[in-house]
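A short worksheet on the structure shown next.
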Amino acid sequence: MKKFGLSLLVLSSVTALGYLFWLNNYSPSVVTPKSSTTKSKTTSPSESIENLKDTRSLTYQHRLGDYFRYQLAYQTDINMGVGEQKDSIVFRIEGKLEKTICHKSNSFVVAAYKLDEPKVSANGVALQGEDALIYANALSQTIYATLSNHGKIGKIYFPSSLRSDLRNNMKSILSASQLVLPALQEEKENIWETTEEDLNGSYLARHTLTESSSGPYEIRKERLRYVKSNAESTFSFQQSDIHFSFQGETESLKLEEKIDTRVTGFVFLSQVSLDMKLKERGNRTVSFDFNSLKEGGWSESSMVADGEEEFEQQRYEKILGSDNLASLWPRLEKLPSESFGREHNELFRKFLALMQLHPENIEEIAGKILELEEGGLNMSLLLSAMSQVKDPLAQKGIVSVIEQSQAKPETLLLALPALGDVINPSNESLQVLKGALRSSSATVQNSAVLAMGSMADQMQQGKNPQADAIVYDLSNNLKQSNSDSEKVLFLQALANTGHPDSLKASKEYLESENDELRAYAHAVIGNIPGKKAAELLSSSLETEKSELVKARLLEAIYHRPDERETFQAVHKMMGKKNSEDLRIKSAIVLWKMKGSFQEARALVEKMAAEDPSAKVKEAIKGIMLTSD
């Protein structure tokens with residue numbers, strides 16, 4: 001969500017990325033972004049597909065004891081960076097993946113999986129010693145998964161002793177190799193869509209069947225977009241190309257995929273490849289009791305990533321290393337407080353890790369904040385880090401800074417937004433913001449209003465009914481405002497809430513004669529999830545004349561999940577005469593949508609080649625180079 005605030009400092013930080021593959025012994029585990037849920041229609045070919053010379057059914061022909069052995073190579077190549085800083089790692093798992101059908105019922109089967117002869121390497125170097133032994137023992141353990149008759153993985157059962165990061169290694173492989181066949185319906189189509197899960201959340205996949213008169217079916221699977229995810233960031237498939245050869249079971253699989261992840265100031269591009277070929281098949285005698293999986297010794301899991309808290313703990317330990325408050329504080333004091341640099345980013349991460357791991361330091365840090373240059377970058381760094389700490393002591397620390405800074409407006413302008421962003425805001429924190437509304441400084445009052453909007457968003461996520469009350473108050477204040485500047489302020493605060501109730505309050509300003517009011521009314525709409533908001537934004541983009549408002553609309557659309565309505569509106573806008581800046585902004589929005597709509601890439605490439613302005617061409621080429 002795009003938020004408005006009086007503090008313009010945005011600290012780039014990888015601390016929000018608990019899902020990075022490399023954070024735990026090079027473990028390829030990903031936990032990701034919050035976005036709206038989209039329902040997908042599933043269509044399917046019938047049991048006898050038109051134009052095929054044979055009549056084999058597109059379902060798995062599971063038989064008890066069926067045994068499959070694949071040669072497998074799985075690799076993730078991850079590039080990440082903040083600004084000019086770049087890091088990369090290549091993680092590779094090779095081995096022989098065994099799958100045995102060990103239980104069968106009318107609606108599902110249970111398959112046993114294990115990886116024989118596993119080999120693990122990082123950056124081309126095979127793991128050695130204890131690390132190699134840990135991975136070999138973990139990956140070669142048998143796990144169990146329930147599968148529908150169409151191949152969708154339901155529950156996965158791991159030995160309880162198996163570390164969560166190592167569980168996610170196997171989840172990555174199972175997710176990448178999953179082929180979900182269509183339910184049998186009367187329609188005779190060779191294209192169908194399914195909603196599936198991976199470590200990041202739920203994604204929409206499109207499957208295309210290539211007709212063949214003999215031999216295995218050829219099925220191409222393309223992941224289109226995430227429809228539900230598990231953390232606050234932006235994920236998109238830059239490229240997704242998966243080819244299956246299928247004949248009652250996958251015969252071969254070739255996967256090439258790029259996933260682009262963005263958090264403020266941070267770019268994370270993972271390139272995943274999987275090469276899997278069936279080497280052996282047969283039938284075994286199996287002895288297995290499905291009920292035993294639910295009786296101790298086994299940990300039941302879904303496809304999404306396990307052990308988020310455990311990963312987070314280990315990640316912060318890696319970031320902090322041997323540092324403590326005594327070693328970090330002198331480094332902070334030496335840094336310039338007026339310009340942001342690489343060491344600021346490192347110290348931001350270090351202080352956040354310190355407060356997460358050792359919340360007993362927070363009270364002392366809050367006291368030391370008041371010793372820093374008022375309103376400076378270093379003060380903002382610490383307050384921003386403190387707002388991301390989960391422990392309630394962090395909220396109390398920020399409240400303490402506010403209470404001791406009543407005569408320091410520059411400090412308040414940093415501390416109030418930080419309080420608005422805290423996790424699980426308390427009633428005490430809300431009362432502190434309300435108290436700041438009575439400040440003699442109009443700037444401080446405005447900062448408190450915007451912070452209350454952000455706090456409503458946090459409360460809404462925690463299902464706290466106080467969020468509704470804040471939105472009600474902000475809406476009333478908007479209605480009673482006497483000046484356009486006041487109205488803009490309350491529209492900005494309502495935009496920060498992302499609350500559905502803010503739609504009604506802002507809607508009347510969509511037709512205002514004041515360009516600025518229209519712009520911020522659309523910003524409110526842009527932060528509200530759902531089809532109705534998307535339609536309003538799309539309609540306005542097609543009819544709006546103001547450059548300012550169009551720019552705000554494009555910004556609002558950029559920060560939303562990709563939607564067909566908004567994509568079509570931006571596409572139509574391109575055919576009209578717009579300024580160079582608007583053409584560049586529209587290209588940025590379309591390039592972000594290319595993972596969801598194939599036409600978007602072609603449209604931007606055409607702009608880069610044919611736009612009459614050299615400035616626009618160069619800007620678009622830069623966008624394409626830096627974010628693909």
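Each chain in the structure tokens gets a letter, A, B and so on, in the order shown; residues start at 1 in every chain, and ligands are counted from 1 in the order they appear.
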
Q: Would you kindly return, as a PyMOL selection string, each protein, DNA or RNA residue with an atom no farther than 12 Å from any atom of Ser613 of chain A, considering only C-alpha atoms and excluding same-chain residues fewer than 3 positions away?
A: chain A and resi 578-581+583-584+607-610+616-620

Would you export the selected residues with N, CA, C and O atoms as a PDB file, in the first residue's frame, please?
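File again_20.pdb, as written:
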```
ATOM      1  N   ASN A 578      -0.427  12.153 -24.532  1.00  0.00           N
ATOM      2  CA  ASN A 578      -0.033  12.401 -23.149  1.00  0.00           C
ATOM      3  C   ASN A 578       1.368  12.996 -23.116  1.00  0.00           C
ATOM      4  O   ASN A 578       2.133  12.872 -24.080  1.00  0.00           O
ATOM      5  N   SER A 579       1.691  13.596 -21.997  1.00  0.00           N
ATOM      6  CA  SER A 579       3.024  14.160 -21.839  1.00  0.00           C
ATOM      7  C   SER A 579       4.072  13.054 -21.793  1.00  0.00           C
ATOM      8  O   SER A 579       3.754  11.867 -21.612  1.00  0.00           O
ATOM      9  N   GLU A 580       5.330  13.442 -21.924  1.00  0.00           N
ATOM     10  CA  GLU A 580       6.412  12.461 -21.848  1.00  0.00           C
ATOM     11  C   GLU A 580       6.405  11.762 -20.496  1.00  0.00           C
ATOM     12  O   GLU A 580       6.586  10.537 -20.418  1.00  0.00           O
ATOM     13  N   ASP A 581       6.214  12.523 -19.417  1.00  0.00           N
ATOM     14  CA  ASP A 581       6.232  11.929 -18.076  1.00  0.00           C
ATOM     15  C   ASP A 581       5.120  10.904 -17.913  1.00  0.00           C
ATOM     16  O   ASP A 581       5.327   9.837 -17.319  1.00  0.00           O
ATOM     17  N   ARG A 583       3.689   9.181 -20.314  1.00  0.00           N
ATOM     18  CA  ARG A 583       3.991   8.006 -21.139  1.00  0.00           C
ATOM     19  C   ARG A 583       4.989   7.098 -20.414  1.00  0.00           C
ATOM     20  O   ARG A 583       4.889   5.875 -20.453  1.00  0.00           O
ATOM     21  N   ILE A 584       5.959   7.711 -19.749  1.00  0.00           N
ATOM     22  CA  ILE A 584       6.933   6.914 -18.990  1.00  0.00           C
ATOM     23  C   ILE A 584       6.246   6.213 -17.821  1.00  0.00           C
ATOM     24  O   ILE A 584       6.471   5.017 -17.570  1.00  0.00           O
ATOM     25  N   MET A 607       6.585   0.753 -27.325  1.00  0.00           N
ATOM     26  CA  MET A 607       6.846   2.142 -26.919  1.00  0.00           C
ATOM     27  C   MET A 607       8.338   2.451 -26.972  1.00  0.00           C
ATOM     28  O   MET A 607       8.754   3.513 -27.431  1.00  0.00           O
ATOM     29  N   ALA A 608       9.150   1.497 -26.490  1.00  0.00           N
ATOM     30  CA  ALA A 608      10.601   1.712 -26.465  1.00  0.00           C
ATOM     31  C   ALA A 608      11.172   1.859 -27.866  1.00  0.00           C
ATOM     32  O   ALA A 608      12.198   2.510 -28.066  1.00  0.00           O
ATOM     33  N   ALA A 609      10.511   1.248 -28.850  1.00  0.00           N
ATOM     34  CA  ALA A 609      11.016   1.290 -30.224  1.00  0.00           C
ATOM     35  C   ALA A 609      10.416   2.427 -31.041  1.00  0.00           C
ATOM     36  O   ALA A 609      11.086   2.984 -31.923  1.00  0.00           O
ATOM     37  N   GLU A 610       9.156   2.819 -30.743  1.00  0.00           N
ATOM     38  CA  GLU A 610       8.442   3.705 -31.653  1.00  0.00           C
ATOM     39  C   GLU A 610       8.057   5.060 -31.076  1.00  0.00           C
ATOM     40  O   GLU A 610       7.589   5.928 -31.825  1.00  0.00           O
ATOM     41  N   VAL A 616      11.697   9.543 -23.785  1.00  0.00           N
ATOM     42  CA  VAL A 616      10.798   8.450 -23.394  1.00  0.00           C
ATOM     43  C   VAL A 616      11.407   7.103 -23.765  1.00  0.00           C
ATOM     44  O   VAL A 616      11.397   6.149 -22.976  1.00  0.00           O
ATOM     45  N   LYS A 617      11.952   7.002 -24.955  1.00  0.00           N
ATOM     46  CA  LYS A 617      12.571   5.740 -25.386  1.00  0.00           C
ATOM     47  C   LYS A 617      13.665   5.299 -24.424  1.00  0.00           C
ATOM     48  O   LYS A 617      13.723   4.143 -24.007  1.00  0.00           O
ATOM     49  N   GLU A 618      14.559   6.231 -24.078  1.00  0.00           N
ATOM     50  CA  GLU A 618      15.677   5.888 -23.200  1.00  0.00           C
ATOM     51  C   GLU A 618      15.186   5.506 -21.806  1.00  0.00           C
ATOM     52  O   GLU A 618      15.699   4.577 -21.180  1.00  0.00           O
ATOM     53  N   ALA A 619      14.187   6.240 -21.306  1.00  0.00           N
ATOM     54  CA  ALA A 619      13.649   5.932 -19.972  1.00  0.00           C
ATOM     55  C   ALA A 619      13.033   4.546 -19.945  1.00  0.00           C
ATOM     56  O   ALA A 619      13.245   3.773 -19.003  1.00  0.00           O
ATOM     57  N   ILE A 620      12.270   4.213 -20.974  1.00  0.00           N
ATOM     58  CA  ILE A 620      11.606   2.901 -21.014  1.00  0.00           C
ATOM     59  C   ILE A 620      12.637   1.783 -21.160  1.00  0.00           C
ATOM     60  O   ILE A 620      12.523   0.732 -20.512  1.00  0.00           O
TER      61      ILE A 620
END
```

Q.
I'd like the contact shell of segment 291-303 of chain A - 10 Å cut-off, only C-alpha atoms, skipping same-chain residues fewer than 3 positions apart - returned as a list in words.
A.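 The residues satisfying every condition are Ile143, Tyr144, Ala145, Ile153, Gly154, Lys155, Ile156, Tyr157, Phe158, Pro159, Ser160, Ser161, Leu162, Arg167, Asn168, Met170, Lys171, Ser172, Leu174, Ser175, Glu196, Glu197, Asp198, Leu199, Asn200, Gly201, Ser202, Phe288 and Asp306 of chain A.
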
(Q) Which residues are near Val125 of chain A? Cut-off 10 Å, only C-alpha atoms, ignore same chain within fewer than 6 positions. Put them as a list in words. (A) Val90, Phe91 and Arg92 of chain A

Selected residues written out with C-alpha atoms, as an mmCIF file, in the first residue's frame:
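Writing done, so here's again_19.cif:
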```cif
data_model
loop_
_atom_site.group_PDB
_atom_site.id
_atom_site.type_symbol
_atom_site.label_atom_id
_atom_site.label_comp_id
_atom_site.auth_asym_id
_atom_site.auth_seq_id
_atom_site.Cartn_x
_atom_site.Cartn_y
_atom_site.Cartn_z
ATOM 1 C CA VAL A 90 23.283 -20.298 -6.716
ATOM 2 C CA PHE A 91 21.816 -23.198 -4.726
ATOM 3 C CA ARG A 92 21.557 -26.636 -6.384
#
```

Give me the segment 97-135 of chain A side of the contact with segment 233-251 of chain A, cut-off 12 Å, one line per residue showing its nearest atom pair and distance in Å at one decimal, counting only C-alpha atoms, sorted by chain and residue number, as a tab-separated table.
```
residue	atom	partner	partner_atom	distance
A:Lys99	CA	A:Glu249	CA	10.8
A:Thr100	CA	A:Glu249	CA	11.8
A:Ile101	CA	A:Glu249	CA	11.7
```

Output N, CA, C and O atoms for every residue in the selection just made, as an mmCIF file, in the first residue's frame.
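New file out-v5.cif:
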```
data_model
loop_
_atom_site.group_PDB
_atom_site.id
_atom_site.type_symbol
_atom_site.label_atom_id
_atom_site.label_comp_id
_atom_site.auth_asym_id
_atom_site.auth_seq_id
_atom_site.Cartn_x
_atom_site.Cartn_y
_atom_site.Cartn_z
ATOM 1 N N LYS A 99 9.052 -41.866 -5.746
ATOM 2 C CA LYS A 99 7.650 -41.648 -5.392
ATOM 3 C C LYS A 99 6.929 -42.993 -5.443
ATOM 4 O O LYS A 99 6.999 -43.713 -6.451
ATOM 5 N N THR A 100 6.238 -43.324 -4.355
ATOM 6 C CA THR A 100 5.508 -44.594 -4.272
ATOM 7 C C THR A 100 4.091 -44.318 -3.783
ATOM 8 O O THR A 100 3.905 -43.603 -2.787
ATOM 9 N N ILE A 101 3.097 -44.850 -4.471
ATOM 10 C CA ILE A 101 1.700 -44.722 -4.037
ATOM 11 C C ILE A 101 1.459 -45.769 -2.950
ATOM 12 O O ILE A 101 1.463 -46.971 -3.204
#
```

(Q) If we count only C-alpha atoms and set the cut-off at 8 Å, which residues sit around segment 490-493 of chain A, ignoring sequence neighbours fewer than 3 positions away in its own chain? Please answer as a list in words. (A)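 My reading of the contact set: Lys3, Phe4, Val449, Leu450, Ala451, Met452, Gly453, Ser454, Leu474, Ser475, Asn477, Leu478, Glu486, Lys487, Asn496, Thr497, Ser506, Tyr520, Ala521, Ala523 and Val524 of chain A.
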
Q | Using only C-alpha atoms: which of A:Ala469, A:Asp165, A:Ala366, A:Arg342 has the shortest distance to Glu309 of chain A | A | A:Asp165

Sorted by chain and rising residue number, list the residues of segment 389-412 of chain A at most 12 Å from segment 433-438 of chain A (counting only C-alpha atoms), each with its closest atom pair and distance in Å to one decimal, as JSON lines.
```
{"residue": "A:Ile398", "atom": "CA", "partner": "A:Leu433", "partner_atom": "CA", "distance": 11.4}
{"residue": "A:Val399", "atom": "CA", "partner": "A:Leu433", "partner_atom": "CA", "distance": 9.4}
{"residue": "A:Ile402", "atom": "CA", "partner": "A:Ala436", "partner_atom": "CA", "distance": 9.1}
{"residue": "A:Glu403", "atom": "CA", "partner": "A:Ala436", "partner_atom": "CA", "distance": 9.8}
{"residue": "A:Ser405", "atom": "CA", "partner": "A:Ala436", "partner_atom": "CA", "distance": 11.1}
{"residue": "A:Gln406", "atom": "CA", "partner": "A:Ala436", "partner_atom": "CA", "distance": 8.9}
{"residue": "A:Ala407", "atom": "CA", "partner": "A:Ala436", "partner_atom": "CA", "distance": 11.8}
{"residue": "A:Pro409", "atom": "CA", "partner": "A:Ala436", "partner_atom": "CA", "distance": 10.6}
{"residue": "A:Leu412", "atom": "CA", "partner": "A:Ala436", "partner_atom": "CA", "distance": 8.9}
```

(Q) List the spatial neighbours of segment 370-383 of chain A as a list of chain:residue names - criterion: any atom at most 7 Å away, only C-alpha atoms, same-chain residues fewer than 4 positions off excluded. (A) A:Ser337, A:Glu338, A:Phe348, A:Ser387, A:Glu410, A:Thr411, A:Leu414, A:Ala415, A:Ala418

Using the selection just defined, write its residues with C-alpha atoms as a PDB file, in the first residue's frame.
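Printed below is out18.pdb as written:
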```
ATOM      1  CA  SER A 337      22.826  12.533   9.928  1.00  0.00           C
ATOM      2  CA  GLU A 338      21.929  14.454   6.786  1.00  0.00           C
ATOM      3  CA  PHE A 348      19.225  -0.172  10.360  1.00  0.00           C
ATOM      4  CA  SER A 387       8.276   0.424  14.547  1.00  0.00           C
ATOM      5  CA  GLU A 410      11.049  17.793  14.616  1.00  0.00           C
ATOM      6  CA  THR A 411      11.343  14.675  16.763  1.00  0.00           C
ATOM      7  CA  LEU A 414       9.490  11.284  13.013  1.00  0.00           C
ATOM      8  CA  ALA A 415       8.086   9.501  16.069  1.00  0.00           C
ATOM      9  CA  ALA A 418       6.632   5.405  13.478  1.00  0.00           C
TER      10      ALA A 418
END
```

**Q.** DSSP helix (DSSP H, G or I) residues within segment 230-401 of chain A, as number ranges by chain
**A.** A: 290-294, 308-320, 325-334, 342-357, 359-369, 377-387, 392-401

For those residues, write C-alpha atoms to a file as a compact mmCIF listing (two decimals), in the first residue's frame.
```
# COMPACT_ATOMS: atom_id res chain seq x y z
CA PHE A 290 -2.53 -43.69 6.87
CA ASN A 291 -3.89 -43.10 10.39
CA SER A 292 -0.38 -43.53 11.80
CA LEU A 293 0.63 -40.20 10.23
CA LYS A 294 -1.74 -38.40 12.57
CA GLU A 308 8.51 -18.42 9.67
CA GLU A 309 9.33 -17.52 13.27
CA GLU A 310 12.26 -19.93 13.34
CA PHE A 311 13.62 -18.48 10.09
CA GLU A 312 13.16 -14.98 11.40
CA GLN A 313 15.08 -15.77 14.57
CA GLN A 314 17.97 -17.30 12.65
CA ARG A 315 17.95 -14.47 10.13
CA TYR A 316 18.26 -11.84 12.85
CA GLU A 317 21.04 -13.83 14.52
CA LYS A 318 22.97 -13.83 11.22
CA ILE A 319 22.41 -10.08 10.76
CA LEU A 320 23.45 -9.15 14.31
CA LEU A 325 24.34 -2.08 21.77
CA ALA A 326 27.77 -1.11 23.11
CA SER A 327 29.44 -1.83 19.76
CA LEU A 328 26.70 -0.42 17.52
CA TRP A 329 26.00 2.92 19.19
CA PRO A 330 29.46 4.50 18.58
CA ARG A 331 29.16 3.54 14.91
CA LEU A 332 25.80 5.28 14.66
CA GLU A 333 27.05 8.43 16.35
CA LYS A 334 29.88 8.74 13.81
CA ARG A 342 25.37 2.14 2.77
CA GLU A 343 26.34 1.98 6.44
CA HIS A 344 23.00 3.51 7.45
CA ASN A 345 21.29 0.58 5.78
CA GLU A 346 23.54 -1.92 7.56
CA LEU A 347 22.97 -0.28 10.94
CA PHE A 348 19.22 -0.17 10.36
CA ARG A 349 19.28 -3.95 9.93
CA LYS A 350 21.60 -4.42 12.91
CA PHE A 351 19.49 -2.32 15.29
CA LEU A 352 16.29 -4.02 14.16
CA ALA A 353 17.89 -7.43 14.75
CA LEU A 354 19.18 -6.29 18.15
CA MET A 355 15.74 -5.13 19.29
CA GLN A 356 14.02 -8.25 17.94
CA LEU A 357 16.44 -10.58 19.69
CA PRO A 359 13.93 -6.36 23.55
CA GLU A 360 15.39 -5.60 26.98
CA ASN A 361 17.59 -3.05 25.14
CA ILE A 362 14.63 -1.08 23.76
CA GLU A 363 14.12 1.19 26.77
CA GLU A 364 17.77 2.23 26.73
CA ILE A 365 17.69 2.80 22.97
CA ALA A 366 14.57 4.97 23.35
CA GLY A 367 16.42 7.11 25.87
CA LYS A 368 19.46 7.40 23.61
CA ILE A 369 17.29 8.50 20.66
CA LEU A 377 18.51 10.77 9.72
CA ASN A 378 19.98 8.68 12.53
CA MET A 379 17.00 9.40 14.77
CA SER A 380 14.66 8.42 11.95
CA LEU A 381 16.67 5.22 11.38
CA LEU A 382 16.15 4.03 14.94
CA LEU A 383 12.46 4.99 15.14
CA SER A 384 11.74 3.27 11.82
CA ALA A 385 13.49 0.12 13.02
CA MET A 386 11.65 0.23 16.34
CA SER A 387 8.28 0.42 14.55
CA PRO A 392 5.15 -4.63 22.73
CA LEU A 393 8.15 -2.96 24.39
CA ALA A 394 8.87 -1.34 21.01
CA GLN A 395 5.54 0.49 21.07
CA LYS A 396 6.24 1.64 24.61
CA GLY A 397 9.66 2.85 23.49
CA ILE A 398 8.19 5.04 20.74
CA VAL A 399 5.48 6.31 23.11
CA SER A 400 8.23 7.22 25.58
CA VAL A 401 10.06 9.24 22.91
```

Q.
Between A:Val109, A:Leu253, A:Leu269, A:Ala205, which residue has the minimum interatomic distance to Ile78 of chain A, considering only C-alpha atoms?
A.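 Smallest distance to Ile78 of chain A is found for A:Leu269.
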
Q: Might you pull out every residue within 12 Å of Met459 of chain A, with only C-alpha atoms counted and same-chain residues fewer than 4 positions away left off, and present them as a list in words?
A: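 Selected residues are Gly420, Asp421, Val422, Ile423, Asn424, Pro425, Ser426, Asn427, Ser429, Leu430, Met452, Gly453, Ser454, Met455, Lys463, Asn464, Pro465, Gln466, Ala467, Asp468, Ala469, Ile470, Val471, Asn496, Thr497, Gly498 and His499 of chain A.
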
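For segment 291-390 of chain A, the set of residues given strand (DSSP E) by DSSP on the backbone reads Trp298, Ser299, Glu300 and Ser301 of chain A.
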
Q. Near Lys104 of chain A, within 10 Å and counting only C-alpha atoms, which residues show up once chain neighbours fewer than 5 positions away are dropped, as a VMD selection string?
A. chain A and resid 62 to 65 109 to 111 146 to 147 149 290

Write a file of the selected residues as an mmCIF file, in the first residue's frame, keeping N, CA and C atoms.
```
data_model
loop_
_atom_site.group_PDB
_atom_site.id
_atom_site.type_symbol
_atom_site.label_atom_id
_atom_site.label_comp_id
_atom_site.auth_asym_id
_atom_site.auth_seq_id
_atom_site.Cartn_x
_atom_site.Cartn_y
_atom_site.Cartn_z
ATOM 1 N N HIS A 62 -3.527 -43.718 -10.767
ATOM 2 C CA HIS A 62 -2.870 -44.210 -9.559
ATOM 3 C C HIS A 62 -3.311 -45.633 -9.226
ATOM 4 N N ARG A 63 -2.320 -46.460 -8.953
ATOM 5 C CA ARG A 63 -2.578 -47.810 -8.436
ATOM 6 C C ARG A 63 -1.723 -48.015 -7.198
ATOM 7 N N LEU A 64 -2.271 -48.700 -6.229
ATOM 8 C CA LEU A 64 -1.540 -48.949 -4.995
ATOM 9 C C LEU A 64 -0.224 -49.670 -5.299
ATOM 10 N N GLY A 65 0.867 -49.137 -4.777
ATOM 11 C CA GLY A 65 2.179 -49.744 -4.974
ATOM 12 C C GLY A 65 2.932 -49.232 -6.184
ATOM 13 N N VAL A 109 -4.973 -40.088 -2.910
ATOM 14 C CA VAL A 109 -3.966 -41.106 -2.624
ATOM 15 C C VAL A 109 -2.929 -40.480 -1.702
ATOM 16 N N VAL A 110 -2.137 -41.330 -1.070
ATOM 17 C CA VAL A 110 -0.986 -40.868 -0.300
ATOM 18 C C VAL A 110 0.261 -41.365 -1.018
ATOM 19 N N ALA A 111 1.169 -40.448 -1.320
ATOM 20 C CA ALA A 111 2.415 -40.803 -1.986
ATOM 21 C C ALA A 111 3.568 -40.609 -1.020
ATOM 22 N N THR A 146 -0.626 -36.092 0.567
ATOM 23 C CA THR A 146 -1.909 -36.502 -0.019
ATOM 24 C C THR A 146 -2.054 -35.809 -1.363
ATOM 25 N N LEU A 147 -2.534 -36.555 -2.350
ATOM 26 C CA LEU A 147 -2.732 -36.029 -3.704
ATOM 27 C C LEU A 147 -4.155 -36.314 -4.147
ATOM 28 N N ASN A 149 -7.001 -36.909 -7.175
ATOM 29 C CA ASN A 149 -6.903 -37.707 -8.393
ATOM 30 C C ASN A 149 -6.442 -36.868 -9.582
ATOM 31 N N PHE A 290 -2.382 -45.133 6.988
ATOM 32 C CA PHE A 290 -2.529 -43.686 6.871
ATOM 33 C C PHE A 290 -2.800 -43.031 8.223
#
```

**Q.** Counting only C-alpha atoms, the residue of A:Gly526, A:Ala183, A:Leu58, A:Ser502 that sits nearest Tyr217 of chain A
**A.** A:Leu58
